[in-house]
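Participant: A single structure is presented below for examination.
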Amino acid sequence: VGIDIFNIRRNNKTYSGYKHNIIGFKLRSGYEIVDDFRHISSYTLKRDKIHDIDNNTSLLIREQEGKRTNSIIGQAFQYDKLNDRLNPTDGFRIRLDLDYYGLIGDSEHFQSELKIANFYRFTDSSGFFLGSFLEAGYIASIKDVKINDRFFLNGDRLRGFKNLGVGPRDTGTGDALGGEIYYLARNELNFPLGLPDDLGLSGLVFVDVGTIYNTDGSSSSIKDETSLRATAGVGLTWISPFGPVKVFFSKPFLKENYDKKEIFRFSFGTTY
């Protein structure tokens with residue numbers, strides 16, 4: 001049983017032409033149904049504020065300026081067999097989140113997300129292991145889904161692209177609009193570098209594939225494609241005293257001409 005109190009400030013001016021403040025709380029409780037299989041219930045009440053919008057920002061975003069209240073009832077099911085929460089090398093985790101927006105407040109829709117992480121260690125001593133990740137999300141709208149409730153993909157989940165770099169976009173202004181459907185797959189092979197184990201350094205190669213689409217609004221400048229994006233690259237992992245730190249070098253080989261690409265990314269923490 002627990003409570004979370006949060007005050008989040010996001011500066012999306014670079015990617016989408018607005019700032020987003022979120023304040024609220026979340027009540028949560030969970031229990032183990034059987035070994036390693038848990039059910040979690042939650043209730044969230046939050047206020048979103050879309051503000052500091054420039055005159056040259058997309059009209060679809062300018063129309064959504066202001067404050068909104070969201071009330072969310074959540075149910076989650078998780079089966080966790082990972083051998084380590086921060087630095088797993090073997091096992092798997094499956095999590096399904098089902099959320100209803102609309103008990104009170106300004107939104108009304110159903111949101112679902114499925115996330116699967118699987119790690120396979122080739123031998124106990126070689127240091128080689130394969131990490132595979134599948135994610136998907138779907139929003140079933142009852143009222144129009146506003147930009148503060150849509151899905152976005154950052155550059156840690158689809159490497160080779162900037163934060164909010166793929167998905168529906170107003171090409172006239174360059175602003176990301178978010179989507180209501182996404183799916184992606186990431187695969188990475190981790191291998192030792194021949195350095196002393198106490199340094200905590202290892203290498204990896206990866207391939208990421210995914211897409212995000214389906215947004216409200218129609219205009220000749222709005223691009224909303226279902227086409228897949230894909231990247232490949234190499235990276236370096238350091239298991240620091242504060243958690244995993246990763247550096248990636250990526251090259252997209254499937255993309256749209258309005259996507260925002262990046263070659264180098266520094267990442268801290270887990271991404272699954």
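Simple scheme: letters A, B, ... for chains in structure tokens order, numbers from 1 for residues in each chain, numbers from 1 for ligands in the order shown.
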So that I can check the surroundings of A:Thr211, please list as a PyMOL selection string every protein, DNA and RNA residue that reaches within 10 Å of it, counting only C-alpha atoms and ignoring chain neighbours fewer than 6 positions away.
Facilitator: chain A and resi 136+153+158+166-168+179+181-185+225-230+255
Participant: Using only C-alpha atoms, what does the table of stretch 80-160 of chain A residues within 12 Å of stretch 6-19 of chain A look like, with each row giving the shortest atom pair and its distance in Å to one decimal, sorted by chain and ascending number, as JSON lines?
Facilitator:
```
{"residue": "A:Ile147", "atom": "CA", "partner": "A:Ser16", "partner_atom": "CA", "distance": 10.2}
{"residue": "A:Asn148", "atom": "CA", "partner": "A:Lys19", "partner_atom": "CA", "distance": 10.4}
{"residue": "A:Phe152", "atom": "CA", "partner": "A:Ser16", "partner_atom": "CA", "distance": 11.0}
{"residue": "A:Leu153", "atom": "CA", "partner": "A:Tyr15", "partner_atom": "CA", "distance": 11.7}
{"residue": "A:Asn154", "atom": "CA", "partner": "A:Tyr15", "partner_atom": "CA", "distance": 10.6}
```
Participant: Show me, as a VMD selection string, the residues that have an atom within 6 Å of stretch 73-83 of chain A when counting only C-alpha atoms, minus same-chain residues fewer than 6 positions from it.
Facilitator: chain A and resid 36 to 43 90 to 100
Participant: Could you find all residues in stretch 50-173 of chain A that DSSP calls strand (DSSP E or B) from the backbone, and write them as a PyMOL selection string?
Facilitator: chain A and resi 50-51+66-80+91-105+109-121+129-141+151+161+169-170
Participant: Write out as a PyMOL selection string each polymer residue whose atoms come within 9 Å of A:Arg68, counting only C-alpha atoms; drop sequence neighbours fewer than 2 positions from it.
Facilitator: chain A and resi 46-50+66+70+105-107
Participant: Using C-alpha atoms, can you export the residues from the last selection as a CSV table (one decimal), in the first residue's frame?
Facilitator:
```csv
chain,number,residue,atom,x,y,z
A,46,LYS,CA,-4.1,15.1,-11.2
A,47,ARG,CA,-4.3,18.5,-12.9
A,48,ASP,CA,-2.6,19.1,-16.2
A,49,LYS,CA,-1.6,22.6,-17.4
A,50,ILE,CA,-0.7,23.2,-21.0
A,66,GLY,CA,-5.3,25.7,-20.3
A,70,ASN,CA,-8.0,13.9,-14.8
A,105,GLY,CA,-12.7,15.5,-14.7
A,106,ASP,CA,-12.3,16.5,-18.3
A,107,SER,CA,-11.2,13.3,-20.0
```
Participant: How many Å lie between atom CA of A:Leu45 and atom CA of A:Ser58, rounded to one decimal?
Facilitator: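 Result for atom CA of A:Leu45 versus atom CA of A:Ser58: 28.2 Å, one decimal.
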Participant: As an exercise, work out the distance from atom CA of A:Asn190 to atom CA of A:Phe242 in Å and give it to one decimal place.
Facilitator: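 If I compute the distance from atom CA of A:Asn190 to atom CA of A:Phe242, I get 19.9 Å.
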Participant: Given only C-alpha atoms as the basis, pick out the residue of A:Leu103, A:Leu236, A:Leu189, A:Ile53 nearest to A:Thr69.
Facilitator: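 The shortest atom-to-atom distance to A:Thr69 comes from A:Leu103.
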Participant: Compare A:Ser126, A:Thr173, A:Ile3, A:Asp149 by their minimum atom-to-atom distance to A:Asn55, counting only C-alpha atoms, and give me the closest one.
Facilitator: A:Thr173
